[in-house]
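S.K.: You'll find work_13.cif just under this line, and it carries mmCIF, C-alpha atoms.
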data_entry
loop_
_atom_site.label_atom_id
_atom_site.label_comp_id
_atom_site.auth_asym_id
_atom_site.auth_seq_id
_atom_site.Cartn_x
_atom_site.Cartn_y
_atom_site.Cartn_z
CA MET A 9 1.62 -25.35 -52.88
CA GLY A 10 -1.95 -25.06 -51.50
CA GLU A 11 -2.74 -23.09 -48.36
CA GLN A 12 -3.52 -26.25 -46.38
CA THR A 13 -0.22 -27.80 -47.45
CA LYS A 14 1.64 -24.64 -46.48
CA THR A 15 -0.01 -24.63 -43.08
CA SER A 16 0.80 -28.31 -42.54
CA ALA A 17 4.41 -27.73 -43.51
CA ARG A 18 4.66 -24.73 -41.17
CA VAL A 19 3.20 -26.67 -38.24
CA ALA A 20 5.51 -29.60 -38.96
CA GLY A 21 8.47 -27.26 -39.04
CA GLN A 22 7.47 -25.72 -35.74
CA ARG A 23 7.05 -29.17 -34.22
CA ASP A 24 10.41 -30.34 -35.55
CA GLY A 25 12.05 -27.20 -34.16
CA ALA A 26 10.51 -27.80 -30.74
CA GLU A 27 11.63 -31.42 -30.75
CA SER A 28 15.18 -30.46 -31.72
CA GLY A 29 15.28 -27.90 -28.93
CA THR A 30 15.62 -24.88 -31.22
CA PRO A 31 14.06 -21.86 -29.50
CA PRO A 32 12.23 -18.87 -30.98
CA VAL A 33 14.35 -15.86 -31.85
CA ILE A 34 12.05 -13.20 -30.38
CA ASP A 35 12.87 -12.60 -26.70
CA ALA A 36 9.30 -12.80 -25.41
CA ALA A 37 8.65 -16.11 -27.17
CA PHE A 38 12.07 -17.33 -26.03
CA ALA A 39 11.13 -16.55 -22.41
CA ARG A 40 8.00 -18.70 -22.75
CA TRP A 41 9.99 -21.51 -24.43
CA LEU A 42 12.61 -21.41 -21.68
CA ALA A 43 10.08 -21.41 -18.82
CA ASP A 44 8.22 -24.31 -20.41
CA ARG A 45 11.43 -26.30 -20.82
CA ALA A 46 12.35 -25.83 -17.17
CA GLY A 47 8.79 -26.70 -16.17
CA GLN A 48 8.89 -29.99 -18.04
CA GLU A 49 12.20 -30.78 -16.36
CA LEU A 50 10.65 -30.15 -12.96
CA LEU A 51 7.75 -32.47 -13.73
CA ARG A 52 10.29 -35.13 -14.69
CA VAL A 53 12.20 -34.64 -11.42
CA ARG A 54 8.99 -34.80 -9.41
CA ALA A 55 8.03 -38.08 -11.05
CA GLU A 56 11.48 -39.65 -10.67
CA VAL A 57 12.37 -38.53 -7.14
CA GLY A 58 8.91 -38.83 -5.60
CA PHE A 59 7.58 -37.24 -2.43
CA ALA A 60 8.98 -39.48 0.32
CA ASP A 61 11.83 -37.05 1.08
CA GLY A 62 10.61 -33.48 0.62
CA LYS A 63 14.01 -31.92 1.27
CA ALA A 64 15.67 -34.09 -1.39
CA LEU A 65 12.92 -33.31 -3.89
CA LYS A 66 13.27 -29.56 -3.33
CA ALA A 67 17.04 -29.73 -3.80
CA ALA A 68 16.76 -31.87 -6.92
CA GLY A 69 14.15 -29.59 -8.44
CA ASP A 70 16.07 -26.38 -7.74
CA LYS A 71 19.27 -27.81 -9.22
CA ALA A 72 17.72 -29.38 -12.30
CA ALA A 73 15.76 -26.28 -13.32
CA HIS A 74 18.66 -23.94 -12.57
CA ASP A 75 21.12 -26.05 -14.56
CA LEU A 76 18.74 -26.21 -17.53
CA LEU A 77 18.07 -22.47 -17.53
CA ARG A 78 21.75 -21.62 -17.20
CA ALA A 79 22.73 -24.05 -19.98
CA GLU A 80 20.09 -22.82 -22.43
CA LEU A 81 20.87 -19.17 -21.75
CA ALA A 82 24.59 -19.83 -22.22
CA ARG A 83 23.83 -21.58 -25.50
CA TRP A 84 21.23 -19.23 -27.00
CA ARG A 85 21.92 -15.87 -25.31
CA PRO A 86 25.66 -16.06 -24.51
CA ALA A 87 26.18 -12.29 -24.48
CA ASP A 88 23.47 -11.67 -21.88
CA ALA A 89 23.97 -11.57 -18.12
CA VAL A 90 21.93 -13.75 -15.77
CA LEU A 91 20.62 -13.39 -12.21
CA SER A 92 19.24 -16.67 -10.88
CA GLU A 93 18.02 -17.40 -7.38
CA GLU A 94 20.29 -20.46 -7.33
CA ASP A 95 23.48 -18.57 -8.22
CA GLU A 96 26.05 -18.89 -5.44
CA HIS A 97 26.14 -15.21 -4.47
CA ALA A 98 22.72 -14.18 -5.78
CA ARG A 99 21.56 -12.61 -2.52
CA VAL A 100 24.69 -10.57 -1.89
CA ALA A 101 24.27 -6.82 -2.30
CA TRP A 102 27.21 -5.20 -4.06
CA ARG A 103 28.47 -1.94 -2.58
CA GLU A 104 31.16 0.11 -4.25
CA GLY A 105 34.29 0.53 -2.21
CA GLU A 106 33.87 -2.57 -0.09
CA PRO A 107 37.01 -4.72 -0.02
CA ASP A 108 37.07 -8.20 -1.52
CA THR A 109 33.89 -7.68 -3.53
CA VAL A 110 33.55 -8.07 -7.28
CA ARG A 111 31.05 -5.99 -9.20
CA PRO A 112 28.56 -8.41 -10.82
CA ASP A 113 28.66 -8.41 -14.61
CA ARG A 114 24.92 -7.85 -14.72
CA LEU A 115 25.28 -4.32 -13.31
CA THR A 116 27.10 -3.16 -16.44
CA ALA A 117 25.11 -5.30 -18.88
CA SER A 118 22.35 -3.94 -21.11
CA ARG A 119 20.44 -7.25 -21.05
CA VAL A 120 19.91 -9.39 -17.95
CA TRP A 121 17.79 -12.52 -17.57
CA ILE A 122 16.25 -12.65 -14.09
CA VAL A 123 15.10 -16.19 -13.33
CA ASP A 124 13.62 -18.18 -10.50
CA PRO A 125 14.10 -21.83 -11.46
CA LEU A 126 11.51 -23.02 -8.95
CA ASP A 127 9.17 -20.56 -7.26
CA GLY A 128 7.26 -22.33 -4.52
CA THR A 129 9.60 -25.13 -3.49
CA ARG A 130 7.36 -26.06 -0.55
CA GLU A 131 4.40 -26.65 -2.86
CA PHE A 132 6.59 -28.45 -5.39
CA SER A 133 7.56 -30.96 -2.70
CA GLU A 134 3.97 -31.69 -1.67
CA GLU A 135 2.08 -34.32 -3.62
CA GLY A 136 -1.02 -33.01 -5.36
CA ARG A 137 -0.11 -29.33 -5.18
CA ALA A 138 0.00 -27.35 -8.41
CA ASP A 139 0.71 -23.83 -7.07
CA TRP A 140 4.40 -23.61 -7.98
CA ALA A 141 6.05 -22.02 -10.99
CA VAL A 142 9.10 -21.19 -13.10
CA HIS A 143 9.93 -17.50 -13.65
CA VAL A 144 11.87 -16.18 -16.65
CA ALA A 145 12.19 -12.41 -17.21
CA LEU A 146 14.39 -10.20 -19.36
CA TRP A 147 15.54 -6.80 -18.09
CA THR A 148 16.92 -4.41 -20.70
CA ALA A 149 18.44 -1.00 -20.12
CA ASP A 150 16.56 0.51 -23.07
CA SER A 151 13.13 -1.00 -22.36
CA SER A 152 10.12 1.32 -22.55
CA ASN A 153 8.47 -0.74 -19.80
CA PRO A 154 8.39 1.21 -16.49
CA ALA A 155 10.31 -1.56 -14.73
CA CYS A 156 12.60 -2.11 -17.76
CA LEU A 157 11.19 -5.63 -18.11
CA ALA A 158 11.21 -6.37 -21.83
CA ALA A 159 9.86 -9.93 -21.60
CA GLY A 160 8.56 -12.37 -19.05
CA ALA A 161 7.00 -15.80 -18.68
CA VAL A 162 5.54 -17.72 -15.76
CA ALA A 163 5.14 -21.45 -16.34
CA MET A 164 2.86 -23.38 -13.99
CA PRO A 165 3.68 -26.89 -15.19
CA ALA A 166 1.40 -28.83 -12.85
CA GLN A 167 -1.48 -26.66 -14.08
CA HIS A 168 -0.43 -27.11 -17.74
CA ARG A 169 -0.48 -23.34 -18.08
CA THR A 170 1.97 -20.61 -18.99
CA ILE A 171 1.37 -16.86 -19.08
CA ALA A 172 3.84 -14.68 -20.93
CA THR A 173 4.36 -11.32 -22.59
CA ASP A 174 4.50 -12.73 -26.12
CA HIS A 175 0.72 -13.21 -25.94
CA ALA A 176 -0.27 -11.16 -22.92
CA PRO A 177 -3.52 -12.23 -21.27
CA ALA A 178 -6.56 -9.99 -21.60
CA TYR A 179 -7.19 -7.49 -18.82
CA PRO A 180 -9.20 -9.29 -16.13
CA PRO A 181 -12.87 -8.33 -16.00
CA MET A 182 -14.12 -6.61 -12.88
CA PRO A 183 -16.10 -9.12 -10.82
CA LEU A 184 -19.71 -8.18 -10.19
CA GLU A 185 -19.07 -8.21 -6.44
CA ALA A 186 -16.25 -5.68 -6.75
CA ALA A 187 -18.25 -3.47 -9.10
CA THR A 188 -21.05 -3.25 -6.53
CA GLY A 189 -18.75 -2.64 -3.58
CA GLY A 190 -18.48 -6.28 -2.54
CA VAL A 191 -15.61 -8.32 -1.16
CA ILE A 192 -12.11 -7.83 -2.56
CA ARG A 193 -10.06 -11.01 -2.91
CA ILE A 194 -6.40 -10.70 -1.89
CA ALA A 195 -4.02 -13.52 -2.78
CA ALA A 196 -1.97 -14.39 0.29
CA SER A 197 0.56 -16.91 1.53
CA ARG A 198 -1.13 -20.12 2.61
CA THR A 199 1.43 -20.73 5.37
CA ARG A 200 2.67 -17.35 6.59
CA PRO A 201 0.56 -14.33 5.54
CA PRO A 202 2.16 -11.13 6.89
CA ALA A 203 0.29 -9.72 9.87
CA PHE A 204 -0.20 -6.40 8.12
CA VAL A 205 -1.98 -8.15 5.22
CA THR A 206 -4.42 -9.69 7.69
CA ALA A 207 -5.05 -6.26 9.21
CA LEU A 208 -5.40 -4.75 5.74
CA ALA A 209 -7.99 -7.36 4.78
CA GLU A 210 -9.96 -6.64 7.95
CA GLU A 211 -10.09 -2.91 7.19
CA LEU A 212 -11.15 -3.46 3.59
CA GLY A 213 -13.53 -6.28 4.39
CA ALA A 214 -11.44 -8.34 1.98
CA GLU A 215 -11.13 -12.09 1.66
CA LEU A 216 -7.67 -13.65 1.88
CA VAL A 217 -7.24 -16.34 -0.78
CA PRO A 218 -4.39 -18.67 0.27
CA MET A 219 -2.06 -20.08 -2.39
CA GLY A 220 1.57 -20.94 -2.93
CA SER A 221 4.26 -19.21 -4.96
CA ALA A 222 4.43 -15.47 -5.67
CA GLY A 223 4.18 -16.20 -9.37
CA VAL A 224 0.97 -18.16 -8.89
CA LYS A 225 -0.48 -15.35 -6.75
CA ILE A 226 0.22 -12.70 -9.37
CA ALA A 227 -1.07 -15.06 -12.07
CA ALA A 228 -4.31 -15.29 -10.07
CA VAL A 229 -4.68 -11.51 -10.28
CA ILE A 230 -3.88 -11.55 -13.99
CA ASN A 231 -6.46 -14.26 -14.60
CA GLY A 232 -9.13 -12.59 -12.46
CA GLU A 233 -9.10 -15.30 -9.78
CA ALA A 234 -8.01 -12.66 -7.24
CA ASP A 235 -8.27 -8.88 -7.23
CA ALA A 236 -4.89 -8.08 -5.69
CA TYR A 237 -1.64 -9.45 -4.36
CA VAL A 238 0.09 -7.53 -1.58
CA HIS A 239 3.42 -8.56 -0.11
CA ALA A 240 5.76 -6.89 2.37
CA GLY A 241 7.50 -9.83 3.99
CA GLY A 242 10.76 -9.76 2.01
CA GLN A 243 11.45 -10.96 -1.51
CA TYR A 244 14.14 -10.76 -4.18
CA GLU A 245 13.99 -9.59 -7.78
CA TRP A 246 13.54 -13.10 -9.17
CA ASP A 247 10.41 -13.60 -7.05
CA SER A 248 8.48 -10.97 -8.98
CA ALA A 249 10.25 -9.94 -12.21
CA ALA A 250 8.57 -12.43 -14.55
CA PRO A 251 5.01 -12.22 -13.17
CA VAL A 252 5.26 -8.42 -12.93
CA ALA A 253 6.37 -8.29 -16.58
CA VAL A 254 3.21 -10.18 -17.56
CA ALA A 255 1.01 -8.11 -15.24
CA LEU A 256 2.29 -4.86 -16.75
CA ALA A 257 1.83 -6.22 -20.27
CA THR A 258 -1.75 -7.04 -19.31
CA GLY A 259 -2.33 -3.47 -18.13
CA LEU A 260 -2.51 -4.09 -14.40
CA HIS A 261 -1.08 -1.86 -11.69
CA ALA A 262 2.24 -3.02 -10.19
CA SER A 263 4.33 -1.01 -7.74
CA ARG A 264 6.03 -0.99 -4.38
CA VAL A 265 3.59 -0.88 -1.47
CA ASP A 266 4.25 2.88 -1.11
CA GLY A 267 3.24 3.40 -4.73
CA THR A 268 6.75 3.96 -6.12
CA PRO A 269 7.77 2.10 -9.29
CA LEU A 270 9.33 -1.34 -9.17
CA SER A 271 12.99 -1.40 -10.22
CA TYR A 272 15.11 -4.37 -11.24
CA ASN A 273 18.77 -5.27 -11.82
CA ARG A 274 19.97 -3.22 -8.89
CA ALA A 275 23.12 -3.63 -6.86
CA ASP A 276 21.01 -5.01 -4.00
CA PRO A 277 18.73 -7.75 -5.40
CA LYS A 278 16.29 -7.46 -2.49
CA LEU A 279 12.87 -6.22 -3.57
CA PRO A 280 11.00 -6.69 -0.31
CA ASP A 281 7.49 -5.55 -1.17
CA LEU A 282 5.02 -5.05 -3.98
CA VAL A 283 1.37 -4.76 -4.86
CA VAL A 284 -0.27 -6.00 -8.05
CA CYS A 285 -3.93 -5.25 -8.65
CA ARG A 286 -6.52 -3.98 -11.08
CA LYS A 287 -5.97 -0.29 -11.78
CA ASP A 288 -9.38 0.68 -10.41
CA LEU A 289 -8.41 -0.76 -7.02
CA ALA A 290 -4.94 0.78 -6.78
CA PRO A 291 -5.78 4.16 -5.13
CA ARG A 292 -7.99 2.58 -2.46
CA LEU A 293 -5.58 -0.27 -1.83
CA LEU A 294 -2.45 1.89 -1.60
CA ALA A 295 -4.18 4.29 0.79
CA ALA A 296 -5.20 1.42 3.07
CA ILE A 297 -1.75 -0.17 2.86
CA SER A 298 -0.14 3.08 4.04
CA ARG A 299 -2.09 2.78 7.30
CA HIS A 300 -0.96 -0.77 8.00
CA LEU A 301 2.67 -0.96 6.92
CA PRO A 302 4.96 -2.16 9.70
CA PRO A 303 7.48 0.46 10.92
CA GLU A 304 10.87 0.31 9.24
#
Would you give me this structure, written as structure tokens?

M.R.:
Amino acid sequence: MGEQTKTSARVAGQRDGAESGTPPVIDAAFARWLADRAGQELLRVRAEVGFADGKALKAAGDKAAHDLLRAELARWRPADAVLSEEDEHARVAWREGEPDTVRPDRLTASRVWIVDPLDGTREFSEEGRADWAVHVALWTADSSNPACLAAGAVAMPAQHRTIATDHAPAYPPMPLEAATGGVIRIAASRTRPPAFVTALAEELGAELVPMGSAGVKIAAVINGEADAYVHAGGQYEWDSAAPVAVALATGLHASRVDGTPLSYNRADPKLPDLVVCRKDLAPRLLAAISRHLPPE
């Protein structure tokens, strides 16, 4: 068989596999496949439900993506545990010794998928907005990654773009403005930027770049569209696990706002703050953040 024929057969096989719904075996590629599948489902829901009732669209999107992710994980990774934002008790912190509480299976599992079926529900429900995403991350107890994130994918379906650890993006180039001491761009919430982030930007002479979901903000740093993302307004593990996995694979800095490492699959799923930025910015940014953090 000639090389061209072999290539054609391989491509055809890959296409047939995709059409039949058979995923890749490798975890990182599987994370991308899964995020893309959920993203396509969300585009379908958006088209079918429409934008007349934003609340109904949000609910339909959350449910459809969650159900798809749960079903595919049960089918293709049945031995793995799952933490999804849409799980009934996802936000409940487990504390040993408390009555009437059941220890989540994920806390004794060696592999846990941490997923956000729809990150940026507000943006998803607004016609014309593309700054929403699907997050799929894999936490493993034996991962060499500092946050124990072995794989991650962030699908941005309305942008026709997915970033993932199977083919990590290149490290973002330093903008000329930053290299010459110019304005730093900080990705921030378009509707409710924390007051301390505004104060931080004023001290640094930084520009706040408003956009939607946390995944899209971190993707902007990964792609070089922003220099940093700083958040201290309260989040959960599923808000950051997948984009942080990609950011770390890219070589960026990612930590808590006090500089300590990010940690996932904990008894309390709250992960209230983080900073993702180019490594050259991290010391300056963390020092400035320490002067503006709200009191605990």

S.K.: Can you list every residue of range 29-96 of chain A that has an atom at most 10 Å from range 235-252 of chain A, with its nearest atom pair and the distance in Å to one decimal, using only C-alpha atoms, ordered by chain then number, as a tab-separated table?

M.R.:
residue	atom	partner	partner_atom	distance
A:Ala39	CA	A:Ala250	CA	9.2
A:Leu91	CA	A:Trp246	CA	7.7
A:Ser92	CA	A:Trp246	CA	6.9
A:Glu93	CA	A:Trp246	CA	6.5

S.K.: Now that the selection is made, can you save its residues with C-alpha atoms as a compact mmCIF listing (two decimals), in the coordinates of the input?

M.R.:
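The resulting selection-v4.txt:
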# COMPACT_ATOMS: atom_id res chain seq x y z
CA ALA A 39 11.13 -16.55 -22.41
CA LEU A 91 20.62 -13.39 -12.21
CA SER A 92 19.24 -16.67 -10.88
CA GLU A 93 18.02 -17.40 -7.38

S.K.: Any chance you could resolve the PyMOL selection byres ((chain A and resi 263) around 12) against this file and give the residues as an NGL selection string?

M.R.: :A and (154-155 or 236-240 or 248-249 or 252-253 or 255-256 or 260-262 or 264-272 or 279-287 or 290-291 or 293-294)

S.K.: Restrict the selected residues to C-alpha atoms and save them as a PDB file, in the coordinates of the input.

M.R.:
ATOM      1  CA  PRO A 154       8.390   1.210 -16.490  1.00  0.00           C
ATOM      2  CA  ALA A 155      10.310  -1.560 -14.730  1.00  0.00           C
ATOM      3  CA  ALA A 236      -4.890  -8.080  -5.690  1.00  0.00           C
ATOM      4  CA  TYR A 237      -1.640  -9.450  -4.360  1.00  0.00           C
ATOM      5  CA  VAL A 238       0.090  -7.530  -1.580  1.00  0.00           C
ATOM      6  CA  HIS A 239       3.420  -8.560  -0.110  1.00  0.00           C
ATOM      7  CA  ALA A 240       5.760  -6.890   2.370  1.00  0.00           C
ATOM      8  CA  SER A 248       8.480 -10.970  -8.980  1.00  0.00           C
ATOM      9  CA  ALA A 249      10.250  -9.940 -12.210  1.00  0.00           C
ATOM     10  CA  VAL A 252       5.260  -8.420 -12.930  1.00  0.00           C
ATOM     11  CA  ALA A 253       6.370  -8.290 -16.580  1.00  0.00           C
ATOM     12  CA  ALA A 255       1.010  -8.110 -15.240  1.00  0.00           C
ATOM     13  CA  LEU A 256       2.290  -4.860 -16.750  1.00  0.00           C
ATOM     14  CA  LEU A 260      -2.510  -4.090 -14.400  1.00  0.00           C
ATOM     15  CA  HIS A 261      -1.080  -1.860 -11.690  1.00  0.00           C
ATOM     16  CA  ALA A 262       2.240  -3.020 -10.190  1.00  0.00           C
ATOM     17  CA  ARG A 264       6.030  -0.990  -4.380  1.00  0.00           C
ATOM     18  CA  VAL A 265       3.590  -0.880  -1.470  1.00  0.00           C
ATOM     19  CA  ASP A 266       4.250   2.880  -1.110  1.00  0.00           C
ATOM     20  CA  GLY A 267       3.240   3.400  -4.730  1.00  0.00           C
ATOM     21  CA  THR A 268       6.750   3.960  -6.120  1.00  0.00           C
ATOM     22  CA  PRO A 269       7.770   2.100  -9.290  1.00  0.00           C
ATOM     23  CA  LEU A 270       9.330  -1.340  -9.170  1.00  0.00           C
ATOM     24  CA  SER A 271      12.990  -1.400 -10.220  1.00  0.00           C
ATOM     25  CA  TYR A 272      15.110  -4.370 -11.240  1.00  0.00           C
ATOM     26  CA  LEU A 279      12.870  -6.220  -3.570  1.00  0.00           C
ATOM     27  CA  PRO A 280      11.000  -6.690  -0.310  1.00  0.00           C
ATOM     28  CA  ASP A 281       7.490  -5.550  -1.170  1.00  0.00           C
ATOM     29  CA  LEU A 282       5.020  -5.050  -3.980  1.00  0.00           C
ATOM     30  CA  VAL A 283       1.370  -4.760  -4.860  1.00  0.00           C
ATOM     31  CA  VAL A 284      -0.270  -6.000  -8.050  1.00  0.00           C
ATOM     32  CA  CYS A 285      -3.930  -5.250  -8.650  1.00  0.00           C
ATOM     33  CA  ARG A 286      -6.520  -3.980 -11.080  1.00  0.00           C
ATOM     34  CA  LYS A 287      -5.970  -0.290 -11.780  1.00  0.00           C
ATOM     35  CA  ALA A 290      -4.940   0.780  -6.780  1.00  0.00           C
ATOM     36  CA  PRO A 291      -5.780   4.160  -5.130  1.00  0.00           C
ATOM     37  CA  LEU A 293      -5.580  -0.270  -1.830  1.00  0.00           C
ATOM     38  CA  LEU A 294      -2.450   1.890  -1.600  1.00  0.00           C
TER      39      LEU A 294
END

S.K.: Suppose you want the space between CA of Arg292 in chain A and CA of Val224 in chain A; what is it in Å?

M.R.: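 Separation between CA of Arg292 in chain A and CA of Val224 in chain A: 23.5 Å.
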
S.K.: Select, from A:Tyr179, A:Gly105, A:Arg83, A:Ala214, the residue with the minimum atom-to-atom distance to Val191 in chain A, counting only C-alpha atoms.

M.R.: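 Selected residue with least distance to Val191 in chain A: A:Ala214.
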
S.K.: Extract, using all atoms listed in the file, all DNA, RNA and protein residues at most 7 Å from Thr258 in chain A, discarding same-chain residues fewer than 4 positions from it, and format them as a VMD selection string.

M.R.: chain A and resid 176 to 179 254

S.K.: Using only C-alpha atoms, find the one residue out of A:Ala138, A:Ala196, A:Ala149, A:Leu81 that sits nearest to Leu115 in chain A.

M.R.: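 Nearest candidate to Leu115 in chain A out of A:Ala138, A:Ala196, A:Ala149, A:Leu81: A:Ala149.
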